[in-house]
file structure_7.cif (mmCIF, C-alpha atoms)
data_upload
#
loop_
_atom_site.label_atom_id
_atom_site.label_comp_id
_atom_site.auth_asym_id
_atom_site.auth_seq_id
_atom_site.Cartn_x
_atom_site.Cartn_y
_atom_site.Cartn_z
CA MET W 1 86.48 116.26 98.24
CA LEU W 2 89.10 116.43 100.98
CA THR W 3 87.56 115.12 104.20
CA LYS W 4 87.92 116.29 107.79
CA ARG W 5 90.16 113.98 109.80
CA ILE W 6 89.44 112.31 113.15
CA ILE W 7 92.67 111.56 114.99
CA PRO W 8 92.95 109.52 118.18
CA CYS W 9 96.03 110.47 120.20
CA LEU W 10 97.93 107.82 122.11
CA ASP W 11 100.09 109.16 124.93
CA ILE W 12 103.04 106.82 125.39
CA LYS W 13 105.17 106.33 128.48
CA ASP W 14 107.80 103.58 128.63
CA GLY W 15 106.20 101.93 125.61
CA ARG W 16 102.66 101.88 127.13
CA THR W 17 99.59 103.99 126.41
CA VAL W 18 98.50 106.49 129.04
CA LYS W 19 96.24 109.50 129.10
CA GLY W 20 96.82 112.49 131.29
CA ILE W 21 93.87 114.42 132.63
CA ASN W 22 95.05 118.00 132.25
CA PHE W 23 98.46 116.41 131.56
CA ILE W 24 98.74 115.17 135.17
CA ASN W 25 97.47 111.95 136.85
CA LEU W 26 98.07 109.23 134.30
CA ARG W 27 95.65 106.38 133.59
CA ASP W 28 96.53 103.18 131.73
CA ALA W 29 94.60 102.64 128.50
CA GLY W 30 96.28 99.62 126.95
CA ASP W 31 98.93 98.41 124.57
CA PRO W 32 99.84 100.97 121.87
CA VAL W 33 100.20 98.57 118.93
CA GLU W 34 96.93 96.78 119.65
CA LEU W 35 95.10 100.03 120.22
CA ALA W 36 96.57 101.43 116.99
CA GLU W 37 95.35 98.44 115.02
CA VAL W 38 91.85 98.69 116.48
CA TYR W 39 91.69 102.38 115.54
CA SER W 40 93.13 101.71 112.08
CA GLU W 41 90.32 99.24 111.37
CA SER W 42 87.53 101.25 112.97
CA GLY W 43 87.47 104.52 111.07
CA ALA W 44 90.31 106.64 112.49
CA ASP W 45 91.88 108.70 109.71
CA GLU W 46 95.27 109.09 111.30
CA LEU W 47 96.97 108.42 114.64
CA VAL W 48 99.27 110.47 116.82
CA PHE W 49 101.73 108.88 119.25
CA LEU W 50 103.02 111.27 121.84
CA ASP W 51 105.93 110.06 123.94
CA ILE W 52 105.48 111.84 127.24
CA SER W 53 108.44 110.18 128.94
CA ALA W 54 110.77 111.34 126.17
CA THR W 55 114.06 110.72 127.95
CA GLU W 56 117.27 109.66 126.26
CA GLU W 57 116.92 106.01 127.27
CA ASN W 58 113.36 105.97 125.92
CA ARG W 59 114.42 107.14 122.43
CA LYS W 60 115.17 103.58 121.38
CA THR W 61 111.95 102.25 122.93
CA LEU W 62 110.00 104.82 120.92
CA ALA W 63 111.84 104.02 117.68
CA ASP W 64 111.10 100.31 118.23
CA LEU W 65 107.44 101.07 118.91
CA VAL W 66 107.24 103.07 115.66
CA LEU W 67 108.61 100.09 113.78
CA ARG W 68 106.04 97.73 115.33
CA VAL W 69 103.17 100.13 114.63
CA ALA W 70 104.25 100.70 111.01
CA ALA W 71 104.35 96.96 110.39
CA ARG W 72 100.76 96.50 111.55
CA ILE W 73 98.65 99.54 110.66
CA ARG W 74 97.45 100.72 107.24
CA ILE W 75 96.77 104.39 108.01
CA PRO W 76 99.20 107.26 108.54
CA PHE W 77 100.62 108.20 111.92
CA THR W 78 102.58 111.02 113.53
CA VAL W 79 105.11 110.65 116.33
CA GLY W 80 106.03 113.35 118.81
CA GLY W 81 107.58 113.95 122.19
CA GLY W 82 111.10 115.11 122.95
CA ILE W 83 112.21 115.36 119.32
CA SER W 84 115.00 117.90 119.06
CA SER W 85 117.34 117.00 116.20
CA VAL W 86 117.59 115.98 112.55
CA GLU W 87 118.94 112.60 113.74
CA ASP W 88 115.87 111.95 115.92
CA VAL W 89 113.57 112.64 112.97
CA ASP W 90 115.65 110.64 110.52
CA LEU W 91 115.37 107.50 112.70
CA LEU W 92 111.62 107.85 113.28
CA LEU W 93 110.84 108.43 109.59
CA LYS W 94 113.13 105.54 108.60
CA ASN W 95 111.22 103.29 110.99
CA GLY W 96 107.94 104.15 109.28
CA ALA W 97 106.48 107.28 110.91
CA ASP W 98 104.69 109.41 108.31
CA LYS W 99 105.07 112.68 110.16
CA VAL W 100 106.82 113.91 113.28
CA SER W 101 105.66 116.62 115.62
CA ILE W 102 107.96 119.01 117.44
CA ASN W 103 106.96 121.35 120.23
CA SER W 104 109.22 122.76 122.98
CA SER W 105 112.40 122.19 120.96
CA ALA W 106 111.05 124.41 118.17
CA VAL W 107 110.22 127.24 120.60
CA LYS W 108 113.70 127.01 122.11
CA ARG W 109 115.42 126.86 118.72
CA PRO W 110 113.08 127.88 115.87
CA GLU W 111 115.74 127.13 113.20
CA LEU W 112 115.03 123.46 113.88
CA ILE W 113 111.84 123.82 111.80
CA ASN W 114 113.84 125.10 108.81
CA GLU W 115 116.40 122.31 109.18
CA LEU W 116 113.77 119.58 109.35
CA SER W 117 111.57 120.83 106.53
CA GLY W 118 114.63 121.45 104.36
CA ARG W 119 115.85 117.92 104.90
CA PHE W 120 112.62 115.92 104.97
CA GLY W 121 110.05 118.17 103.25
CA ASN W 122 107.49 120.33 105.02
CA GLN W 123 104.71 117.76 104.52
CA CYS W 124 106.06 115.58 107.33
CA ILE W 125 106.81 118.31 109.89
CA VAL W 126 104.00 119.06 112.34
CA VAL W 127 104.54 121.82 114.87
CA ALA W 128 102.55 121.20 118.04
CA ILE W 129 101.66 124.31 120.02
CA ASP W 130 100.31 124.20 123.59
CA ALA W 131 98.83 127.51 124.66
CA LYS W 132 96.79 129.02 127.45
CA LYS W 133 95.01 132.34 127.75
CA ILE W 134 96.70 134.63 130.28
CA ASP W 135 95.14 138.06 130.90
CA GLY W 136 93.25 137.79 127.62
CA ASN W 137 96.30 136.80 125.54
CA TRP W 138 97.12 133.33 124.24
CA LYS W 139 100.62 132.42 125.42
CA VAL W 140 102.62 129.40 124.25
CA HIS W 141 103.55 126.90 126.98
CA LEU W 142 106.39 124.37 127.03
CA ILE W 143 107.06 120.88 128.41
CA GLY W 144 103.57 119.46 127.98
CA GLY W 145 102.01 122.77 128.94
CA LYS W 146 103.79 123.18 132.26
CA VAL W 147 106.08 126.12 131.54
CA PRO W 148 104.63 129.45 130.34
CA THR W 149 106.52 131.63 127.85
CA GLU W 150 106.06 135.17 126.58
CA VAL W 151 105.53 133.87 123.03
CA ASP W 152 102.17 134.83 121.51
CA LEU W 153 100.25 131.92 119.97
CA PHE W 154 99.30 133.70 116.75
CA GLU W 155 102.72 135.26 116.11
CA TRP W 156 104.30 131.87 116.68
CA ALA W 157 101.88 130.14 114.30
CA VAL W 158 102.76 132.58 111.51
CA GLU W 159 106.46 132.07 112.20
CA VAL W 160 106.30 128.27 112.15
CA GLU W 161 104.51 128.37 108.80
CA ARG W 162 107.14 130.73 107.40
CA ARG W 163 109.91 128.43 108.65
CA GLY W 164 108.43 125.43 106.86
CA ALA W 165 105.96 123.62 109.11
CA GLY W 166 103.50 121.54 107.08
CA GLU W 167 100.80 121.48 109.73
CA ILE W 168 99.98 122.93 113.15
CA MET W 169 98.52 120.95 116.03
CA PHE W 170 97.06 123.42 118.49
CA THR W 171 96.21 122.28 122.03
CA SER W 172 94.38 124.69 124.26
CA MET W 173 95.52 124.07 127.84
CA ASP W 174 92.34 125.79 128.99
CA HIS W 175 90.18 123.24 127.20
CA ASP W 176 92.27 120.07 127.47
CA GLY W 177 90.65 117.53 129.78
CA THR W 178 87.51 119.59 130.35
CA LYS W 179 85.31 117.79 127.76
CA ASN W 180 83.58 121.12 127.14
CA GLY W 181 84.57 121.52 123.49
CA PHE W 182 87.54 122.81 121.51
CA ALA W 183 88.97 126.37 121.53
CA ASN W 184 87.07 127.29 118.37
CA GLU W 185 87.58 131.04 118.45
CA ALA W 186 91.37 130.74 118.58
CA LEU W 187 91.29 127.89 116.06
CA ALA W 188 89.31 129.92 113.53
CA LYS W 189 91.72 132.81 113.92
CA LEU W 190 94.66 130.45 113.31
CA SER W 191 93.03 129.12 110.13
CA GLU W 192 92.63 132.66 108.84
CA LEU W 193 96.23 133.61 109.69
CA VAL W 194 98.07 130.66 108.18
CA ASN W 195 97.62 128.59 105.04
CA ILE W 196 98.60 125.16 106.37
CA PRO W 197 96.22 122.60 107.91
CA ILE W 198 95.28 123.01 111.58
CA ILE W 199 94.61 120.08 113.92
CA ALA W 200 92.33 121.01 116.84
CA SER W 201 93.25 119.41 120.15
CA GLY W 202 91.92 119.60 123.68
CA GLY W 203 88.35 119.62 124.93
CA ALA W 204 86.49 116.88 123.04
CA GLY W 205 83.63 115.47 125.10
CA ILE W 206 80.70 114.75 122.77
CA ASP W 207 80.10 114.32 119.02
CA GLN W 208 78.82 117.88 118.60
CA HIS W 209 82.17 119.30 119.75
CA PHE W 210 83.75 117.83 116.62
CA ALA W 211 81.08 119.32 114.35
CA ASP W 212 81.57 122.68 116.08
CA THR W 213 85.33 122.68 115.66
CA PHE W 214 85.06 121.83 111.95
CA ILE W 215 82.42 124.50 111.31
CA ASP W 216 83.05 127.30 113.85
CA GLY W 217 86.73 126.50 114.47
CA LYS W 218 87.47 125.91 110.74
CA ALA W 219 89.74 123.05 111.81
CA ASP W 220 91.02 120.58 109.22
CA ALA W 221 91.34 117.74 111.71
CA ALA W 222 90.36 117.07 115.31
CA LEU W 223 92.32 115.11 117.84
CA ALA W 224 91.16 113.47 121.06
CA ALA W 225 92.35 110.76 123.43
CA SER W 226 90.32 109.57 126.39
CA VAL W 227 86.87 109.86 124.76
CA PHE W 228 88.08 107.34 122.20
CA HIS W 229 90.20 105.15 124.50
CA PHE W 230 87.38 104.73 127.01
CA LYS W 231 84.80 104.26 124.23
CA GLU W 232 82.76 107.29 125.20
CA ILE W 233 82.71 108.19 121.51
CA ASP W 234 82.60 105.62 118.69
CA ILE W 235 84.47 106.96 115.66
CA THR W 236 82.15 105.43 113.04
CA GLU W 237 79.04 106.79 114.77
CA LEU W 238 80.74 110.16 115.17
CA LYS W 239 81.51 110.27 111.45
CA GLN W 240 77.95 109.32 110.53
CA ASN W 241 76.73 112.12 112.74
CA LEU W 242 79.15 114.59 111.08
CA LYS W 243 78.10 113.44 107.62
CA GLU W 244 74.43 114.09 108.46
CA GLN W 245 75.46 117.65 109.30
CA GLY W 246 77.05 118.05 105.86
CA ILE W 247 80.64 117.76 107.02
CA PRO W 248 82.81 115.74 104.57
CA VAL W 249 84.21 112.63 106.25
CA ARG W 250 85.65 109.30 105.10
CA LEU W 251 83.12 106.55 105.71
CA MET Q 252 107.72 87.32 91.68
CA LYS Q 253 110.67 89.66 92.04
CA ILE Q 254 109.61 93.10 93.25
CA VAL Q 255 112.27 95.77 93.58
CA GLN Q 256 111.83 99.06 95.37
CA ILE Q 257 114.29 101.66 94.09
CA ASP Q 258 116.60 102.80 96.87
CA TYR Q 259 117.96 106.28 96.27
CA GLY Q 260 117.81 107.70 99.77
CA ALA Q 261 114.45 109.43 99.31
CA GLY Q 262 111.18 108.04 100.41
CA ASN Q 263 109.31 106.26 103.10
CA VAL Q 264 110.60 102.90 101.92
CA LYS Q 265 109.77 101.06 105.14
CA ASN Q 266 106.03 101.66 104.84
CA ILE Q 267 105.92 100.38 101.27
CA GLN Q 268 107.95 97.35 102.39
CA PHE Q 269 105.54 96.66 105.25
CA ALA Q 270 102.48 97.13 103.03
CA PHE Q 271 103.61 94.38 100.66
CA GLU Q 272 104.68 92.13 103.53
CA ARG Q 273 101.18 92.34 105.02
CA PHE Q 274 99.89 90.37 102.05
CA GLY Q 275 102.83 88.03 101.69
CA PHE Q 276 105.33 89.71 99.34
CA SER Q 277 108.85 90.87 100.13
CA PRO Q 278 110.17 93.62 97.86
CA ILE Q 279 113.93 93.96 97.58
CA LEU Q 280 115.31 97.42 98.31
CA SER Q 281 118.03 98.13 95.76
CA SER Q 282 119.98 100.82 93.95
CA ASP Q 283 121.73 98.31 91.69
CA PRO Q 284 120.76 98.88 88.00
CA ASP Q 285 121.03 95.16 87.13
CA GLU Q 286 118.81 94.18 90.04
CA ILE Q 287 116.26 96.85 89.10
CA MET Q 288 116.29 95.91 85.41
CA GLY Q 289 115.86 92.25 86.31
CA ALA Q 290 112.75 92.80 88.45
CA ASP Q 291 109.22 91.76 87.47
CA LYS Q 292 107.77 94.86 89.10
CA VAL Q 293 109.48 98.10 90.14
CA ILE Q 294 108.34 100.52 92.83
CA PHE Q 295 109.65 104.09 92.61
CA PRO Q 296 108.99 105.76 95.97
CA GLY Q 297 109.50 109.38 96.89
CA VAL Q 298 108.91 111.66 99.82
CA GLY Q 299 110.48 115.05 100.29
CA GLU Q 300 111.72 117.73 97.93
CA ALA Q 301 112.01 117.27 94.15
CA SER Q 302 115.39 118.82 93.30
CA SER Q 303 117.34 116.99 96.01
CA ALA Q 304 115.63 113.72 95.02
CA MET Q 305 116.63 114.25 91.36
CA LYS Q 306 120.16 115.08 92.46
CA LYS Q 307 120.34 111.72 94.24
CA LEU Q 308 118.98 109.90 91.17
CA ARG Q 309 121.55 111.57 88.91
CA HIS Q 310 124.35 110.89 91.37
CA SER Q 311 123.62 107.17 91.29
CA GLY Q 312 122.95 107.08 87.52
CA LEU Q 313 119.41 105.83 88.14
CA ASP Q 314 118.03 108.78 86.14
CA ARG Q 315 119.23 106.92 83.03
CA VAL Q 316 118.07 103.47 84.21
CA ILE Q 317 114.44 104.25 85.10
CA PRO Q 318 113.23 105.64 81.73
CA ASN Q 319 114.51 102.49 79.99
CA LEU Q 320 112.64 100.02 82.18
CA THR Q 321 110.12 97.84 80.32
CA GLN Q 322 108.35 96.03 83.20
CA PRO Q 323 105.51 97.71 85.16
CA VAL Q 324 106.85 100.62 87.23
CA LEU Q 325 104.80 102.33 89.96
CA GLY Q 326 105.83 105.83 91.03
CA ILE Q 327 104.32 106.88 94.35
CA CYS Q 328 103.77 110.53 95.41
CA LEU Q 329 107.01 112.39 94.61
CA GLY Q 330 107.98 109.29 92.60
CA MET Q 331 105.04 110.00 90.28
CA GLN Q 332 105.98 113.68 90.00
CA LEU Q 333 109.59 112.83 89.10
CA LEU Q 334 108.35 110.78 86.14
CA CYS Q 335 107.21 114.08 84.58
CA ASP Q 336 109.12 116.64 82.52
CA ILE Q 337 109.54 119.42 85.00
CA SER Q 338 108.30 120.46 88.44
CA GLU Q 339 107.60 123.92 89.76
CA GLU Q 340 109.26 122.75 92.97
CA ASN Q 341 112.63 124.52 92.62
CA ASN Q 342 112.29 124.27 88.81
CA THR Q 343 113.37 120.66 88.79
CA ARG Q 344 113.90 118.70 85.57
CA GLY Q 345 112.40 115.23 85.97
CA LEU Q 346 112.73 111.95 84.09
CA ALA Q 347 110.49 113.20 81.25
CA ILE Q 348 108.52 109.99 80.78
CA PHE Q 349 105.30 111.99 81.00
CA ASN Q 350 105.34 115.23 79.04
CA GLN Q 351 103.76 117.13 81.94
CA GLN Q 352 104.56 120.05 84.21
CA VAL Q 353 104.08 119.50 87.93
CA LYS Q 354 102.41 122.53 89.48
CA ARG Q 355 101.93 123.91 93.00
CA PHE Q 356 98.45 124.34 94.47
CA SER Q 357 97.58 128.02 94.82
CA ASN Q 358 97.04 129.68 98.18
CA ALA Q 359 93.27 129.60 97.59
CA VAL Q 360 93.50 126.28 99.46
CA LYS Q 361 95.64 125.12 102.36
CA VAL Q 362 98.97 123.80 101.17
CA PRO Q 363 100.03 121.02 101.61
CA GLN Q 364 96.87 119.03 101.04
CA ILE Q 365 96.88 116.55 103.94
CA GLY Q 366 94.28 113.85 104.41
CA TRP Q 367 91.82 111.53 102.71
CA ASN Q 368 90.36 112.65 99.40
CA SER Q 369 88.15 110.73 96.98
CA ILE Q 370 89.36 109.50 93.58
CA HIS Q 371 87.06 109.11 90.61
CA GLU Q 372 86.93 108.47 86.85
CA LEU Q 373 88.99 105.37 87.50
CA ARG Q 374 90.17 103.86 84.22
CA SER Q 375 92.89 101.26 84.60
CA HIS Q 376 93.25 97.69 85.82
CA LEU Q 377 95.16 99.27 88.69
CA PHE Q 378 91.71 100.10 90.11
CA ASP Q 379 89.99 96.75 89.53
CA GLY Q 380 87.57 96.23 92.41
CA VAL Q 381 88.05 99.79 93.74
CA ARG Q 382 84.77 101.73 93.89
CA GLU Q 383 84.41 105.18 92.32
CA ASN Q 384 84.95 107.91 94.95
CA GLU Q 385 86.99 105.63 97.19
CA PHE Q 386 89.13 107.59 99.66
CA MET Q 387 92.92 107.67 99.43
CA TYR Q 388 95.47 109.31 101.73
CA LEU Q 389 97.34 112.24 100.21
CA LEU Q 390 100.10 114.48 101.49
CA HIS Q 391 101.40 116.91 98.86
CA SER Q 392 101.86 120.52 97.74
CA TYR Q 393 102.44 119.84 94.04
CA TYR Q 394 100.24 118.04 91.52
CA VAL Q 395 100.13 116.73 87.97
CA PRO Q 396 97.37 118.49 85.99
CA LEU Q 397 94.70 116.53 84.14
CA CYS Q 398 96.16 115.13 80.92
CA GLU Q 399 95.78 112.43 78.30
CA GLU Q 400 97.54 109.98 80.63
CA THR Q 401 95.22 110.61 83.61
CA ILE Q 402 93.72 107.34 84.89
CA ALA Q 403 92.14 108.72 88.10
CA VAL Q 404 91.00 112.18 89.12
CA SER Q 405 90.89 113.92 92.48
CA ASP Q 406 89.73 117.44 93.35
CA TYR Q 407 91.49 120.02 95.48
CA GLU Q 408 90.97 123.60 94.32
CA ILE Q 409 90.74 122.10 90.81
CA PRO Q 410 90.48 118.57 89.36
CA TYR Q 411 93.98 117.07 89.01
CA SER Q 412 95.60 113.70 88.25
CA ALA Q 413 95.36 111.30 91.18
CA ALA Q 414 97.01 108.72 88.93
CA ILE Q 415 98.62 108.60 85.48
CA GLN Q 416 99.75 105.89 83.10
CA LYS Q 417 101.85 105.70 79.97
CA ASN Q 418 102.83 102.29 78.61
CA ASN Q 419 104.44 100.40 81.51
CA PHE Q 420 104.78 103.48 83.73
CA TYR Q 421 102.16 104.14 86.41
CA GLY Q 422 102.12 107.02 88.88
CA VAL Q 423 99.86 107.56 91.88
CA GLN Q 424 99.79 110.82 93.84
CA PHE Q 425 98.19 109.16 96.86
CA HIS Q 426 99.85 106.71 99.22
CA PRO Q 427 98.35 103.24 98.58
CA GLU Q 428 100.57 101.88 101.38
CA LYS Q 429 98.72 104.17 103.82
CA SER Q 430 95.24 103.98 102.33
CA SER Q 431 93.71 101.14 104.28
CA VAL Q 432 92.03 98.20 102.50
CA ALA Q 433 91.48 99.93 99.13
CA GLY Q 434 95.11 101.06 98.99
CA GLU Q 435 96.23 97.49 99.58
CA LEU Q 436 93.98 96.34 96.72
CA ILE Q 437 95.70 98.80 94.36
CA LEU Q 438 99.10 97.39 95.31
CA LYS Q 439 97.79 93.85 94.68
CA ASN Q 440 96.40 94.98 91.31
CA PHE Q 441 99.79 96.42 90.41
CA LEU Q 442 101.41 93.05 91.05
CA ALA Q 443 98.79 91.41 88.81
CA LEU Q 444 99.50 93.73 85.83
#
call {"tool": "encode", "arguments": {"input": "structure_7.cif", "output": "structure tokens"}}
result
Amino acid sequence: MLTKRIIPCLDIKDGRTVKGINFINLRDAGDPVELAEVYSESGADELVFLDISATEENRKTLADLVLRVAARIRIPFTVGGGISSVEDVDLLLKNGADKVSINSSAVKRPELINELSGRFGNQCIVVAIDAKKIDGNWKVHLIGGKVPTEVDLFEWAVEVERRGAGEIMFTSMDHDGTKNGFANEALAKLSELVNIPIIASGGAGIDQHFADTFIDGKADAALAASVFHFKEIDITELKQNLKEQGIPVRL
Amino acid sequence: MKIVQIDYGAGNVKNIQFAFERFGFSPILSSDPDEIMGADKVIFPGVGEASSAMKKLRHSGLDRVIPNLTQPVLGICLGMQLLCDISEENNTRGLAIFNQQVKRFSNAVKVPQIGWNSIHELRSHLFDGVRENEFMYLLHSYYVPLCEETIAVSDYEIPYSAAIQKNNFYGVQFHPEKSSVAGELILKNFLAL
């Protein structure tokens, strides 16, 4: 049986791990390669590296980091942050990334999704969507959630699937950093609208939030950062807890 | 031991390279027929879309080299699918070592299948020391149906071939190079065949 995935997210700036609280005020949480190896050996199903500096001069630093991570860890990982071209993706995949995630660049130029999935296969193209509820409607936001757009979350999700995305990573800006649980209502609606896996992101605080997002939110995977980095949640204990609730996990 | 990974411009070759290096082996990446034919073990990787991968194999003439190999060959993911007759992915003719049709999962399930799924009914030395229902990492939209050559089963919508074997040709749908300790054991077992 296919299991639900638990995915720690490592925010990277200048080759170091950081975690933004509501995407602002960064805190240091260690060396990315070491942290990746610890997670790889302690029950994480996958890892996400998100380069939040994502400037031109940091492209090479990120590509080098991917190479170092790939050499050490034995589980799959996704890399995102500032990816905007076929060349960017080619280098990251060549260096050992299993998947790449694109976000703002896809909203600005949706054809990018077609180009990437056509060239590399849809299985390695994750489209990350940051959204926030404004006047009752979920609107897509850009640049790490800072810039609002008029794009509707659900219409955009359907479009990215049609253009060849293999997976959607949905972050609710309203839930991110609150530790009050994931945006399960919107997540469940996404799962009904599209037929590709959905990664829930934003809002994890306690074990039960994960169970809720897998059951109520129908999510295929759940991503979190600080609760794992600061050891507020132990992944093995979390998975045991989920298993007791009848949720399929890899243990 | 000389291990050659077939280089035809398709596949996550770096990860397979790293996986072997973690336990002390260094596969050679090569597209040279003589080098491939002279190897003790051959890895046939594959990530991406079937028809463009076959086009690359035909362009380099490797489509005629691979079926004639006599040493153990391990096709991984798309590599396994290309060892079959034909794939529903853009109606692609494969290398026809396995007389099987590669099919797409229906929309009754989310496609692609992404994540860790259990494998069972293990019947090959490839799985020596691997427990029944061990988890492997999979990332695919197409699958090889159950057949005579099935040596491991997984379930997604329906039971399908997680691994197949015919003579010296082995195929695994999962990614052993990304499947933690058990995946590494399968790669070690392959070298011991």
call {"tool": "closest_atom_pairs", "arguments": {"input": "structure_7.cif", "of": "chain Q", "to": "chain W", "cutoff": "8 Å", "atoms": "all atoms listed in the file", "output": "JSON lines"}}
result
{"residue": "Q:Asn263", "atom": "CA", "partner": "W:Gly96", "partner_atom": "CA", "distance": 6.7}
{"residue": "Q:Val264", "atom": "CA", "partner": "W:Lys94", "partner_atom": "CA", "distance": 7.6}
{"residue": "Q:Lys265", "atom": "CA", "partner": "W:Gly96", "partner_atom": "CA", "distance": 5.5}
{"residue": "Q:Asn266", "atom": "CA", "partner": "W:Gly96", "partner_atom": "CA", "distance": 5.4}
{"residue": "Q:Phe269", "atom": "CA", "partner": "W:Ala71", "partner_atom": "CA", "distance": 5.3}
{"residue": "Q:Ala270", "atom": "CA", "partner": "W:Arg74", "partner_atom": "CA", "distance": 7.5}
{"residue": "Q:Arg273", "atom": "CA", "partner": "W:Arg72", "partner_atom": "CA", "distance": 7.8}
{"residue": "Q:Val298", "atom": "CA", "partner": "W:Gly121", "partner_atom": "CA", "distance": 7.4}
{"residue": "Q:Gly299", "atom": "CA", "partner": "W:Gly121", "partner_atom": "CA", "distance": 4.3}
{"residue": "Q:Glu300", "atom": "CA", "partner": "W:Gly121", "partner_atom": "CA", "distance": 5.6}
{"residue": "Q:Asn358", "atom": "CA", "partner": "W:Asn195", "partner_atom": "CA", "distance": 7.0}
{"residue": "Q:Val360", "atom": "CA", "partner": "W:Asn195", "partner_atom": "CA", "distance": 7.3}
{"residue": "Q:Lys361", "atom": "CA", "partner": "W:Asn195", "partner_atom": "CA", "distance": 4.8}
{"residue": "Q:Val362", "atom": "CA", "partner": "W:Ile196", "partner_atom": "CA", "distance": 5.4}
{"residue": "Q:Pro363", "atom": "CA", "partner": "W:Gln123", "partner_atom": "CA", "distance": 6.4}
{"residue": "Q:Gln364", "atom": "CA", "partner": "W:Pro197", "partner_atom": "CA", "distance": 7.8}
{"residue": "Q:Ile365", "atom": "CA", "partner": "W:Pro197", "partner_atom": "CA", "distance": 7.3}
{"residue": "Q:Gly366", "atom": "CA", "partner": "W:Leu2", "partner_atom": "CA", "distance": 6.7}
{"residue": "Q:Trp367", "atom": "CA", "partner": "W:Thr3", "partner_atom": "CA", "distance": 5.8}
{"residue": "Q:Asn368", "atom": "CA", "partner": "W:Leu2", "partner_atom": "CA", "distance": 4.3}
{"residue": "Q:Ser369", "atom": "CA", "partner": "W:Met1", "partner_atom": "CA", "distance": 5.9}
{"residue": "Q:Phe386", "atom": "CA", "partner": "W:Arg250", "partner_atom": "CA", "distance": 6.7}
{"residue": "Q:Leu390", "atom": "CA", "partner": "W:Gln123", "partner_atom": "CA", "distance": 6.4}
{"residue": "Q:His391", "atom": "CA", "partner": "W:Gln123", "partner_atom": "CA", "distance": 6.6}
{"residue": "Q:Ser392", "atom": "CA", "partner": "W:Gln123", "partner_atom": "CA", "distance": 7.9}
{"residue": "Q:Ser405", "atom": "CA", "partner": "W:Met1", "partner_atom": "CA", "distance": 7.6}
{"residue": "Q:Asp406", "atom": "CA", "partner": "W:Met1", "partner_atom": "CA", "distance": 6.0}
{"residue": "Q:Tyr407", "atom": "CA", "partner": "W:Met1", "partner_atom": "CA", "distance": 6.8}
{"residue": "Q:Glu428", "atom": "CA", "partner": "W:Arg74", "partner_atom": "CA", "distance": 6.7}
{"residue": "Q:Lys429", "atom": "CA", "partner": "W:Ile75", "partner_atom": "CA", "distance": 4.6}
{"residue": "Q:Ser430", "atom": "CA", "partner": "W:Ile75", "partner_atom": "CA", "distance": 5.9}
{"residue": "Q:Ser431", "atom": "CA", "partner": "W:Arg74", "partner_atom": "CA", "distance": 4.8}
{"residue": "Q:Val432", "atom": "CA", "partner": "W:Arg74", "partner_atom": "CA", "distance": 7.6}
call {"tool": "closest_residue", "arguments": {"input": "structure_7.cif", "among": "W:His209, W:Arg16, W:Lys132, W:Lys218", "to": "Lys179 (chain W)", "atoms": "all atoms listed in the file"}}
result
W:His209
call {"tool": "atom_distance", "arguments": {"input": "structure_7.cif", "atom1": "CA of Ser302 (chain Q)", "atom2": "CA of Tyr394 (chain Q)"}}
result
15.3 Å
call {"tool": "residues_around", "arguments": {"input": "structure_7.cif", "residues": "region 417-424 of chain Q", "least_positions_apart": "4", "cutoff": "7 Å", "atoms": "all atoms listed in the file", "output": "ChimeraX atom specification"}}
result
/Q:321-328,331,389,400,413
call {"tool": "atom_distance", "arguments": {"input": "structure_7.cif", "atom1": "CA of Gly217 (chain W)", "atom2": "CA of Ala128 (chain W)"}}
result
17.1 Å
call {"tool": "closest_residue", "arguments": {"input": "structure_7.cif", "among": "Q:Lys253, Q:His376, Q:His371, Q:Arg355", "to": "Glu286 (chain Q)", "atoms": "only C-alpha atoms"}}
result
Q:Lys253
call {"tool": "closest_residue", "arguments": {"input": "structure_7.cif", "among": "W:Glu244, W:Glu150, W:Asp176, W:Asp90", "to": "Ala211 (chain W)", "atoms": "all atoms listed in the file"}}
result
W:Glu244
call {"tool": "closest_residue", "arguments": {"input": "structure_7.cif", "among": "Q:Leu397, Q:Cys335, Q:Val255, Q:Leu436", "to": "Ile294 (chain Q)", "atoms": "all atoms listed in the file"}}
result
Q:Val255
call {"tool": "resolve_selection", "arguments": {"input": "structure_7.cif", "expression": "the PyMOL selection byres ((chain W and resi 232-238) around 9)", "output": "mmCIF file with C-alpha atoms, in the coordinates of the input"}}
result
data_model
loop_
_atom_site.group_PDB
_atom_site.id
_atom_site.type_symbol
_atom_site.label_atom_id
_atom_site.label_comp_id
_atom_site.auth_asym_id
_atom_site.auth_seq_id
_atom_site.Cartn_x
_atom_site.Cartn_y
_atom_site.Cartn_z
ATOM 1 C CA ILE W 6 89.440 112.310 113.150
ATOM 2 C CA TYR W 39 91.690 102.380 115.540
ATOM 3 C CA SER W 42 87.530 101.250 112.970
ATOM 4 C CA GLY W 43 87.470 104.520 111.070
ATOM 5 C CA ALA W 44 90.310 106.640 112.490
ATOM 6 C CA GLY W 205 83.630 115.470 125.100
ATOM 7 C CA ILE W 206 80.700 114.750 122.770
ATOM 8 C CA ASP W 207 80.100 114.320 119.020
ATOM 9 C CA GLN W 208 78.820 117.880 118.600
ATOM 10 C CA PHE W 210 83.750 117.830 116.620
ATOM 11 C CA SER W 226 90.320 109.570 126.390
ATOM 12 C CA VAL W 227 86.870 109.860 124.760
ATOM 13 C CA PHE W 228 88.080 107.340 122.200
ATOM 14 C CA HIS W 229 90.200 105.150 124.500
ATOM 15 C CA PHE W 230 87.380 104.730 127.010
ATOM 16 C CA LYS W 231 84.800 104.260 124.230
ATOM 17 C CA LYS W 239 81.510 110.270 111.450
ATOM 18 C CA GLN W 240 77.950 109.320 110.530
ATOM 19 C CA ASN W 241 76.730 112.120 112.740
ATOM 20 C CA LEU W 242 79.150 114.590 111.080
ATOM 21 C CA LYS W 243 78.100 113.440 107.620
ATOM 22 C CA LEU W 251 83.120 106.550 105.710
#
